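Containing TSV, C-alpha atoms: protein30.tsv.
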chain	number	residue	atom	x	y	z
A	1	MET	CA	-11.06	-22.96	-36.09
A	2	SER	CA	-9.43	-22.52	-32.70
A	3	GLY	CA	-9.19	-18.76	-33.07
A	4	HIS	CA	-10.89	-18.09	-29.74
A	5	ARG	CA	-8.28	-20.24	-27.97
A	6	GLN	CA	-5.48	-18.25	-29.59
A	7	THR	CA	-7.14	-15.02	-28.46
A	8	ILE	CA	-7.47	-16.40	-24.94
A	9	ALA	CA	-3.80	-17.45	-24.91
A	10	VAL	CA	-2.71	-13.89	-25.78
A	11	LEU	CA	-5.09	-12.36	-23.22
A	12	ALA	CA	-3.98	-14.85	-20.55
A	13	LEU	CA	-0.36	-13.90	-21.17
A	14	VAL	CA	-1.27	-10.24	-20.60
A	15	GLY	CA	-3.15	-11.35	-17.46
A	16	ILE	CA	-0.07	-13.24	-16.23
A	17	ALA	CA	2.00	-10.06	-16.60
A	18	ILE	CA	-0.54	-7.92	-14.70
A	19	ALA	CA	-1.07	-10.47	-11.91
A	20	THR	CA	2.69	-11.04	-11.58
A	21	TYR	CA	3.22	-7.29	-11.28
A	22	LEU	CA	0.58	-7.08	-8.52
A	23	TRP	CA	2.00	-10.12	-6.75
A	24	LEU	CA	5.59	-8.80	-6.85
A	25	HIS	CA	4.25	-5.48	-5.59
A	26	ALA	CA	2.39	-7.22	-2.74
A	27	ILE	CA	5.52	-9.05	-1.57
A	28	GLY	CA	7.71	-5.95	-1.85
A	29	VAL	CA	9.87	-6.88	-4.85
A	30	ILE	CA	8.48	-4.02	-6.97
A	31	GLY	CA	7.85	-0.48	-5.78
A	32	VAL	CA	7.62	0.98	-2.30
A	33	LEU	CA	4.35	0.26	-0.59
A	34	GLN	CA	3.02	3.64	0.55
A	35	CYS	CA	-0.34	5.28	1.06
A	36	GLY	CA	-1.02	8.36	-0.99
A	37	THR	CA	0.83	7.26	-4.08
A	38	GLY	CA	-2.18	5.57	-5.64
A	39	GLY	CA	-5.17	3.33	-5.14
A	40	CYS	CA	-3.15	0.13	-5.69
A	41	GLU	CA	-1.17	0.75	-2.52
A	42	THR	CA	-4.35	1.21	-0.49
A	43	VAL	CA	-5.91	-1.91	-1.98
A	44	GLN	CA	-2.72	-3.96	-1.54
A	45	ALA	CA	-2.37	-2.86	2.06
A	46	SER	CA	-5.95	-3.73	2.99
A	47	SER	CA	-6.86	-6.90	4.82
A	48	TYR	CA	-8.64	-8.08	1.66
A	49	ALA	CA	-5.39	-8.31	-0.30
A	50	GLN	CA	-4.76	-11.73	1.23
A	51	LEU	CA	-6.85	-14.87	1.17
A	52	PHE	CA	-5.87	-17.72	3.51
A	53	GLY	CA	-2.57	-15.94	4.10
A	54	ILE	CA	-1.68	-15.84	0.40
A	55	PRO	CA	-1.70	-12.60	-1.66
A	56	VAL	CA	-4.82	-12.48	-3.83
A	57	ALA	CA	-2.61	-11.55	-6.80
A	58	LEU	CA	-0.91	-14.94	-6.59
A	59	TYR	CA	-4.28	-16.63	-7.16
A	60	GLY	CA	-4.50	-14.44	-10.25
A	61	VAL	CA	-1.09	-15.60	-11.48
A	62	VAL	CA	-2.05	-19.26	-10.99
A	63	GLY	CA	-5.43	-18.74	-12.68
A	64	TYR	CA	-3.98	-16.99	-15.72
A	65	VAL	CA	-1.22	-19.62	-16.04
A	66	ALA	CA	-3.92	-22.32	-16.01
A	67	LEU	CA	-5.91	-20.46	-18.69
A	68	PHE	CA	-2.75	-19.99	-20.76
A	69	GLY	CA	-1.83	-23.67	-20.45
A	70	ILE	CA	-5.31	-24.89	-21.44
A	71	SER	CA	-5.55	-22.50	-24.38
A	72	ILE	CA	-2.09	-23.44	-25.68
A	73	ALA	CA	-2.97	-27.13	-25.36
A	74	GLY	CA	-6.25	-26.42	-27.12
A	75	VAL	CA	-4.60	-24.98	-30.24
A	76	GLN	CA	-2.41	-28.03	-30.77
A	77	PRO	CA	-3.52	-30.11	-33.79
A	78	ALA	CA	-4.34	-33.15	-31.62
A	79	LEU	CA	-6.81	-31.16	-29.50
A	80	ALA	CA	-7.98	-28.45	-31.88
A	81	ALA	CA	-11.15	-30.35	-32.76
A	82	ARG	CA	-11.97	-31.36	-29.19
A	83	ALA	CA	-14.56	-29.42	-27.24
A	84	TRP	CA	-13.28	-29.88	-23.68
A	85	PRO	CA	-10.53	-27.20	-23.74
A	86	THR	CA	-13.14	-24.56	-24.53
A	87	ARG	CA	-15.43	-25.86	-21.78
A	88	TRP	CA	-12.58	-25.73	-19.29
A	89	LEU	CA	-11.62	-22.26	-20.44
A	90	ALA	CA	-15.20	-21.09	-19.96
A	91	ALA	CA	-15.40	-22.71	-16.49
A	92	PHE	CA	-12.04	-21.35	-15.29
A	93	SER	CA	-12.57	-17.86	-16.68
A	94	GLY	CA	-16.15	-17.85	-15.31
A	95	ALA	CA	-14.80	-18.54	-11.82
A	96	GLY	CA	-12.15	-15.85	-12.33
A	97	PHE	CA	-14.78	-13.42	-13.57
A	98	LEU	CA	-16.97	-13.96	-10.48
A	99	PHE	CA	-13.98	-13.62	-8.15
A	100	THR	CA	-13.01	-10.39	-9.94
A	101	LEU	CA	-16.55	-9.05	-9.54
A	102	TYR	CA	-16.27	-9.69	-5.78
A	103	LEU	CA	-12.86	-7.97	-5.61
A	104	THR	CA	-14.09	-4.95	-7.57
A	105	PHE	CA	-17.10	-4.71	-5.24
A	106	LEU	CA	-14.68	-4.67	-2.26
A	107	GLU	CA	-12.59	-1.93	-3.90
A	108	LEU	CA	-15.63	0.24	-4.61
A	109	PHE	CA	-17.69	-0.22	-1.47
A	110	VAL	CA	-15.43	-1.49	1.31
A	111	ILE	CA	-11.87	-0.33	0.70
A	112	HIS	CA	-12.97	2.83	-1.13
A	113	ALA	CA	-9.96	2.78	-3.44
A	114	LEU	CA	-9.52	1.62	-7.02
A	115	CYS	CA	-6.35	-0.02	-8.25
A	116	ARG	CA	-5.94	0.54	-11.98
A	117	TRP	CA	-3.94	-2.69	-12.41
A	118	CYS	CA	-6.71	-4.66	-10.70
A	119	LEU	CA	-9.17	-3.02	-13.10
A	120	ALA	CA	-6.91	-3.93	-16.04
A	121	SER	CA	-6.98	-7.53	-14.83
A	122	ALA	CA	-10.77	-7.31	-14.54
A	123	VAL	CA	-10.98	-6.20	-18.17
A	124	VAL	CA	-8.70	-9.06	-19.27
A	125	ILE	CA	-10.61	-11.78	-17.39
A	126	THR	CA	-13.92	-10.40	-18.68
A	127	ALA	CA	-12.57	-10.49	-22.25
A	128	ILE	CA	-11.36	-14.07	-21.73
A	129	PHE	CA	-14.72	-15.14	-20.33
A	130	VAL	CA	-16.65	-13.52	-23.20
A	131	THR	CA	-14.29	-15.08	-25.76
A	132	ALA	CA	-14.65	-18.52	-24.11
A	133	LEU	CA	-18.46	-18.22	-24.11
A	134	ASP	CA	-18.33	-17.23	-27.77
A	135	GLY	CA	-16.16	-20.29	-28.41
A	136	LEU	CA	-18.66	-22.52	-26.62
A	137	LEU	CA	-21.47	-21.24	-28.84
A	138	ARG	CA	-19.46	-21.71	-32.04
A	139	LYS	CA	-18.12	-25.14	-31.03
A	140	PRO	CA	-14.40	-25.91	-31.55
B	141	MET	CA	-0.01	-20.57	-36.54
B	142	LYS	CA	3.44	-19.02	-36.87
B	143	ARG	CA	1.88	-15.56	-36.58
B	144	PHE	CA	0.13	-16.66	-33.39
B	145	TYR	CA	3.38	-17.74	-31.74
B	146	LEU	CA	5.08	-14.58	-32.99
B	147	LEU	CA	2.32	-12.54	-31.33
B	148	LEU	CA	2.71	-14.52	-28.11
B	149	GLY	CA	6.45	-13.88	-28.22
B	150	VAL	CA	5.92	-10.12	-28.66
B	151	VAL	CA	3.44	-10.01	-25.76
B	152	ALA	CA	5.85	-12.01	-23.57
B	153	VAL	CA	8.77	-9.68	-24.38
B	154	VAL	CA	6.65	-6.57	-23.67
B	155	ALA	CA	5.44	-8.12	-20.39
B	156	ILE	CA	8.95	-9.02	-19.24
B	157	GLY	CA	10.17	-5.53	-20.22
B	158	PHE	CA	7.33	-3.95	-18.25
B	159	LEU	CA	8.08	-6.02	-15.14
B	160	TYR	CA	11.81	-5.27	-15.42
B	161	TYR	CA	11.14	-1.54	-15.80
B	162	SER	CA	8.72	-1.55	-12.84
B	163	ALA	CA	11.23	-3.36	-10.64
B	164	ASN	CA	13.82	-0.68	-11.29
B	165	GLN	CA	11.53	2.33	-10.81
B	166	GLN	CA	12.32	4.65	-7.91
B	167	PRO	CA	9.44	5.82	-5.72
B	168	GLY	CA	7.74	9.00	-6.86
B	169	GLY	CA	8.52	12.42	-5.48
B	170	PRO	CA	6.18	14.75	-3.65
B	171	SER	CA	2.54	14.39	-4.47
B	172	GLY	CA	2.37	18.12	-4.97
B	173	SER	CA	2.03	20.72	-2.32
B	174	ARG	CA	-1.50	21.22	-1.14
B	175	ALA	CA	-2.65	24.76	-0.65
B	176	ALA	CA	-2.16	25.83	2.92
B	177	ALA	CA	-5.76	26.42	3.89
B	178	VAL	CA	-4.81	26.78	7.54
B	179	PRO	CA	-2.64	29.66	8.74
B	180	VAL	CA	0.65	28.44	10.16
B	181	THR	CA	2.45	30.35	12.90
B	182	ALA	CA	6.18	30.28	13.66
B	183	GLN	CA	5.37	28.24	16.75
B	184	ASP	CA	3.53	25.69	14.60
B	185	SER	CA	6.54	25.41	12.29
B	186	ALA	CA	8.92	24.99	15.20
B	187	PHE	CA	7.12	21.91	16.53
B	188	PRO	CA	9.60	19.05	16.15
B	189	GLY	CA	7.11	16.17	16.15
B	190	TYR	CA	6.47	13.45	18.69
B	191	LEU	CA	9.78	12.25	20.07
B	192	LEU	CA	10.73	8.82	21.29
B	193	GLY	CA	14.25	8.10	22.50
B	194	PRO	CA	16.96	10.24	24.04
B	195	ASP	CA	18.38	13.43	22.51
B	196	SER	CA	21.82	11.83	22.88
B	197	ALA	CA	20.94	9.06	20.40
B	198	PRO	CA	23.55	9.04	17.61
B	199	VAL	CA	21.01	8.46	14.82
B	200	LYS	CA	17.91	10.57	14.26
B	201	VAL	CA	14.98	9.09	12.38
B	202	VAL	CA	11.96	11.05	11.18
B	203	GLU	CA	8.81	9.28	10.07
B	204	PHE	CA	6.04	11.09	8.19
B	205	VAL	CA	2.85	9.29	9.01
B	206	ASP	CA	-0.85	9.21	8.28
B	207	TYR	CA	-2.84	7.44	10.99
B	208	GLU	CA	-5.55	6.27	8.59
B	209	CYS	CA	-2.99	4.75	6.22
B	210	PRO	CA	-3.15	0.94	6.44
B	211	ILE	CA	0.51	0.65	5.40
B	212	CYS	CA	1.52	2.92	8.30
B	213	ALA	CA	-0.61	0.73	10.58
B	214	MET	CA	1.11	-2.37	9.24
B	215	PHE	CA	4.53	-0.80	9.81
B	216	ALA	CA	3.54	0.39	13.30
B	217	THR	CA	2.22	-2.98	14.42
B	218	VAL	CA	4.59	-5.36	12.64
B	219	GLN	CA	7.96	-3.60	12.37
B	220	PHE	CA	7.91	-0.81	14.93
B	221	PRO	CA	7.76	-2.90	18.14
B	222	THR	CA	11.12	-4.48	17.19
B	223	ILE	CA	12.55	-1.07	16.24
B	224	ARG	CA	11.41	0.33	19.56
B	225	ASP	CA	13.03	-2.51	21.50
B	226	GLN	CA	16.26	-2.83	19.54
B	227	LEU	CA	17.02	0.70	18.39
B	228	ILE	CA	15.10	3.24	20.47
B	229	LYS	CA	15.18	1.67	23.93
B	230	THR	CA	18.89	0.88	23.47
B	231	GLY	CA	19.58	4.58	22.89
B	232	LYS	CA	20.80	4.18	19.31
B	233	VAL	CA	17.93	6.06	17.71
B	234	GLN	CA	15.72	9.00	18.47
B	235	TRP	CA	12.45	8.60	16.55
B	236	ARG	CA	10.46	11.65	15.52
B	237	LEU	CA	6.91	11.22	14.28
B	238	ARG	CA	5.60	13.93	11.97
B	239	ASP	CA	2.03	14.36	10.75
B	240	TYR	CA	1.40	13.93	7.06
B	241	PRO	CA	-2.38	13.56	6.72
B	242	LEU	CA	-3.19	12.55	3.16
B	243	PRO	CA	-5.97	14.30	1.22
B	244	PRO	CA	-9.49	13.70	2.54
B	245	THR	CA	-10.59	12.45	-0.87
B	246	THR	CA	-8.89	9.14	-0.07
B	247	HIS	CA	-8.17	9.49	3.66
B	248	ARG	CA	-11.29	10.93	5.20
B	249	TRP	CA	-10.35	10.75	8.88
B	250	SER	CA	-6.61	11.41	8.69
B	251	HIS	CA	-6.80	15.00	9.89
B	252	LEU	CA	-9.17	14.05	12.71
B	253	ALA	CA	-6.77	11.30	13.79
B	254	ALA	CA	-3.86	13.75	13.69
B	255	ASP	CA	-5.98	16.05	15.87
B	256	ALA	CA	-6.65	13.19	18.27
B	257	VAL	CA	-2.90	12.60	18.67
B	258	ALA	CA	-2.08	16.32	18.97
B	259	CYS	CA	-4.71	16.74	21.68
B	260	ALA	CA	-3.40	13.64	23.46
B	261	SER	CA	0.08	15.20	23.38
B	262	GLU	CA	-1.26	18.07	25.55
B	263	GLN	CA	-1.57	15.45	28.28
B	264	GLY	CA	1.76	13.80	27.49
B	265	LYS	CA	0.06	10.81	25.85
B	266	ALA	CA	0.85	11.27	22.15
B	267	TRP	CA	2.62	7.94	21.64
B	268	GLU	CA	0.01	6.09	23.70
B	269	MET	CA	-2.67	7.53	21.40
B	270	VAL	CA	-0.64	6.68	18.28
B	271	ASP	CA	-0.29	3.07	19.46
B	272	ALA	CA	-4.00	2.88	20.26
B	273	LEU	CA	-4.98	4.24	16.82
B	274	PHE	CA	-2.77	1.75	15.00
B	275	ASN	CA	-3.54	-1.25	17.19
B	276	THR	CA	-7.29	-0.76	16.74
B	277	HIS	CA	-7.30	0.22	13.10
B	278	ASP	CA	-10.78	-1.00	12.13
B	279	TRP	CA	-12.03	2.58	12.40
B	280	ALA	CA	-10.12	3.37	9.18
B	281	LEU	CA	-12.42	1.06	7.21
B	282	GLN	CA	-15.64	2.56	8.56
B	283	SER	CA	-17.51	5.27	6.77
B	284	SER	CA	-18.95	6.81	9.94
B	285	ASN	CA	-17.15	9.55	11.88
B	286	PRO	CA	-14.76	7.81	14.28
B	287	THR	CA	-14.63	10.59	16.93
B	288	SER	CA	-16.42	8.40	19.48
B	289	VAL	CA	-14.01	5.52	18.73
B	290	PHE	CA	-11.07	7.91	19.24
B	291	ARG	CA	-12.61	9.15	22.49
B	292	GLY	CA	-12.85	5.55	23.73
B	293	LEU	CA	-9.22	4.95	22.79
B	294	ALA	CA	-8.18	8.18	24.52
B	295	GLN	CA	-10.02	7.12	27.65
B	296	GLY	CA	-8.35	3.72	27.44
B	297	VAL	CA	-4.88	5.26	27.61
B	298	GLY	CA	-5.77	7.47	30.54
B	299	ILE	CA	-6.54	10.75	28.83
B	300	ASN	CA	-8.94	13.25	30.41
B	301	THR	CA	-11.58	13.19	27.69
B	302	THR	CA	-13.28	16.44	28.70
B	303	THR	CA	-10.14	18.42	27.90
B	304	TRP	CA	-9.39	16.22	24.90
B	305	ASP	CA	-12.94	16.69	23.49
B	306	ALA	CA	-12.66	20.48	23.72
B	307	CYS	CA	-9.30	20.37	21.97
B	308	VAL	CA	-10.43	18.08	19.15
B	309	SER	CA	-13.68	19.91	18.47
B	310	ALA	CA	-11.79	23.23	18.29
B	311	ASP	CA	-9.26	21.69	15.86
B	312	ARG	CA	-6.69	23.42	18.07
B	313	TYR	CA	-3.63	22.01	16.35
B	314	ALA	CA	-4.69	22.52	12.74
B	315	GLY	CA	-1.80	24.95	12.19
B	316	ARG	CA	0.76	22.57	13.64
B	317	ILE	CA	-0.51	19.68	11.51
B	318	GLN	CA	-0.47	21.91	8.41
B	319	ALA	CA	3.10	23.01	9.22
B	320	SER	CA	4.22	19.39	9.44
B	321	LEU	CA	2.49	18.63	6.15
B	322	ASN	CA	4.20	21.61	4.49
B	323	GLN	CA	7.58	20.50	5.82
B	324	GLY	CA	6.96	16.99	4.47
B	325	ASP	CA	6.09	18.39	1.05
B	326	ALA	CA	9.26	20.51	1.10
B	327	LEU	CA	11.32	17.39	1.85
B	328	GLY	CA	9.79	15.49	-1.06
B	329	VAL	CA	7.43	13.24	0.88
B	330	GLY	CA	4.95	11.72	-1.55
B	331	GLY	CA	3.24	9.10	0.58
B	332	THR	CA	3.24	7.47	3.97
B	333	PRO	CA	5.11	6.09	5.74
B	334	THR	CA	8.18	8.01	4.58
B	335	ILE	CA	11.27	7.66	6.70
B	336	PHE	CA	14.37	9.82	6.86
B	337	ILE	CA	17.49	8.51	8.56
B	338	ASP	CA	19.80	11.35	9.53
B	339	GLY	CA	18.12	13.48	6.89
B	340	ASN	CA	18.31	10.92	4.06
B	341	MET	CA	15.08	9.53	2.68
B	342	LEU	CA	14.85	5.74	2.92
B	343	LYS	CA	13.99	4.49	-0.57
B	344	GLU	CA	13.48	0.84	0.36
B	345	ARG	CA	10.54	-0.71	2.15
B	346	PRO	CA	11.11	0.00	5.86
B	347	THR	CA	11.61	-3.15	7.87
B	348	SER	CA	13.13	-3.54	11.32
B	349	ASP	CA	16.00	-5.59	9.83
B	350	LEU	CA	16.81	-2.92	7.26
B	351	LEU	CA	16.68	-0.10	9.81
B	352	GLN	CA	18.85	-2.05	12.21
B	353	HIS	CA	21.39	-2.65	9.44
B	354	VAL	CA	21.44	1.02	8.36
B	355	VAL	CA	21.65	2.36	11.91
B	356	ASP	CA	24.42	-0.07	12.92
B	357	SER	CA	26.37	0.80	9.75
B	358	LEU	CA	26.07	4.53	10.48
B	359	ILE	CA	27.20	4.09	14.08
B	360	ALA	CA	30.10	1.84	13.03
B	361	ALA	CA	31.20	4.31	10.33
B	362	ARG	CA	31.19	7.18	12.84
B	363	SER	CA	33.16	5.30	15.46
B	364	LYS	CA	35.74	4.42	12.78
B	365	LYS	CA	36.07	8.10	11.87
B	366	LYS	CA	36.61	9.02	15.51
B	367	LYS	CA	39.48	6.51	15.74

Mind turning this structure into structure tokens?
Amino acid sequence: MSGHRQTIAVLALVGIAIATYLWLHAIGVIGVLQCGTGGCETVQASSYAQLFGIPVALYGVVGYVALFGISIAGVQPALAARAWPTRWLAAFSGAGFLFTLYLTFLELFVIHALCRWCLASAVVITAIFVTALDGLLRKP
Amino acid sequence: MKRFYLLLGVVAVVAIGFLYYSANQQPGGPSGSRAAAVPVTAQDSAFPGYLLGPDSAPVKVVEFVDYECPICAMFATVQFPTIRDQLIKTGKVQWRLRDYPLPPTTHRWSHLAADAVACASEQGKAWEMVDALFNTHDWALQSSNPTSVFRGLAQGVGINTTTWDACVSADRYAGRIQASLNQGDALGVGGTPTIFIDGNMLKERPTSDLLQHVVDSLIAARSKKKK
């Protein structure tokens, strides 16, 4: 019944791990930030890695935590039959999907470097968005 | 439902394990020696790099740098001014800048920028050119050839651009740049910036605070030994 919400919860947890890794990397807790060791370093060191002075990856962490929270709430018996968690999941993941498209465009055409962890996050948010849309069509 | 929470638990454990493993990973070694396409003479190999600070400085620091690298630019503009004031100008450290242009597949203008600095060094303006390249780093994000931007920067720091132009277009210091690159590879440099303090590679992220702490500790340890 709320299978799509369970799927989204698992995917969001994976997304939290990826975004947390990128955020910890951006603030220097994980790894040594160097050019030449991979595309992630180039992307993380670019001026586009921050938005309003906050690492972009932190927005990812917050977004995935929100998706995880809504999906976990949505599988509880009291809310399993309600439609709004799925609508919220679709809206949140849709916004995340569009933001990811913009970031991937920057990687490809402006920064000229691809970060495989950013791409992994792009795959996860796309999967969440597709699953949420599927859930919307099927109803809760 | 139990299976769902079990699956969540497994994913959470794997994620935490991954983050823990990543946090304890050491930086990678050399990125692999690139074939020396440019012949290197003994004179090229003997070039010590661009020096800042007195020979009498008790601590010697070597930085392998790529001028197109945004992380090097960040280090040069955020951390290095403090290092220059507190460690180099005070005579504690002699800083040696070595070229380590990364492959053109990801760093298209690195070699050209290294050329620009080498040709500026002919006129005793290497560090002025380095500062200009890092302080005006927008050129690194452009796809067009930045030679004219470099020429403007060279002019701005008082370089005779006629001589500089001839030097850059002849790629006069290709051998010297290649020699520096080879030496970096031999020392295990895998990316930029890579910093060596008295011959030991710094594994942590270079900050002015960290360098100050390391340098002061080295100087204190040596003065203890002398006593």

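All chain A residues having an atom within 8 Å of chain B, based on all atoms listed in the file, amount to Gln6, Ala9, Val10, Leu13, Val14, Ala17, Tyr21, Gly28, Val29, Ile30, Gly31, Val32, Leu33, Gln34, Cys35, Gly36, Thr37, Thr42, Ala45, Ser46, Val110, Ile111, His112 and Ala113 of chain A.
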
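Taking only C-alpha atoms, the non-local environment of Pro286 in chain B within 12 Å (same-chain residues fewer than 2 positions away omitted) comprises Glu208, Arg248, Trp249, Ser250, His251, Leu252, Ala253, Ala256, Leu273, Thr276, His277, Asp278, Trp279, Ala280, Leu281, Gln282, Ser283, Ser284, Ser288, Val289, Phe290, Arg291, Gly292 and Leu293 of chain B.
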
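One finds CA of Ile223 in chain B at 10.1 Å from CA of Leu350 in chain B.
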
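Neighbours of Val270 in chain B closer than or equal to 10 Å, with only C-alpha atoms counted and sequence neighbours fewer than 5 positions away skipped, come out as Tyr190, Tyr207, Ala213, Ala216, Leu237, Ala253, Ala254, Ala256, Val257, Ala258, Ala260, Ser261, Lys265, Asn275, Leu293 and Ala294 of chain B.
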
For those residues, write C-alpha atoms to a file as a PDB file, keeping the file's coordinate frame.
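After the write, again14.pdb holds the following:
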ATOM      1  CA  TYR B 190       6.470  13.450  18.690  1.00  0.00           C
ATOM      2  CA  TYR B 207      -2.840   7.440  10.990  1.00  0.00           C
ATOM      3  CA  ALA B 213      -0.610   0.730  10.580  1.00  0.00           C
ATOM      4  CA  ALA B 216       3.540   0.390  13.300  1.00  0.00           C
ATOM      5  CA  LEU B 237       6.910  11.220  14.280  1.00  0.00           C
ATOM      6  CA  ALA B 253      -6.770  11.300  13.790  1.00  0.00           C
ATOM      7  CA  ALA B 254      -3.860  13.750  13.690  1.00  0.00           C
ATOM      8  CA  ALA B 256      -6.650  13.190  18.270  1.00  0.00           C
ATOM      9  CA  VAL B 257      -2.900  12.600  18.670  1.00  0.00           C
ATOM     10  CA  ALA B 258      -2.080  16.320  18.970  1.00  0.00           C
ATOM     11  CA  ALA B 260      -3.400  13.640  23.460  1.00  0.00           C
ATOM     12  CA  SER B 261       0.080  15.200  23.380  1.00  0.00           C
ATOM     13  CA  LYS B 265       0.060  10.810  25.850  1.00  0.00           C
ATOM     14  CA  ASN B 275      -3.540  -1.250  17.190  1.00  0.00           C
ATOM     15  CA  LEU B 293      -9.220   4.950  22.790  1.00  0.00           C
ATOM     16  CA  ALA B 294      -8.180   8.180  24.520  1.00  0.00           C
TER      17      ALA B 294
END

Determine, counting all atoms listed in the file, which protein, DNA and RNA residues have an atom within 10 Å of an atom of Gly60 in chain A; residues of the same chain fewer than 4 positions away are not included. Present the result as a list in words.
-> Gly15, Ile16, Ile18, Ala19, Thr20, Leu22, Trp23, Pro55, Val56, Tyr64, Val65, Ala66, Gly96, Phe99, Thr100, Ser121 and Ile125 of chain A

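Between CA of Val233 in chain B and CA of Asp195 in chain B there is a distance of 8.8 Å.
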
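From CA of Leu191 in chain B back to CA of Ile299 in chain B, the distance works out to 18.6 Å.
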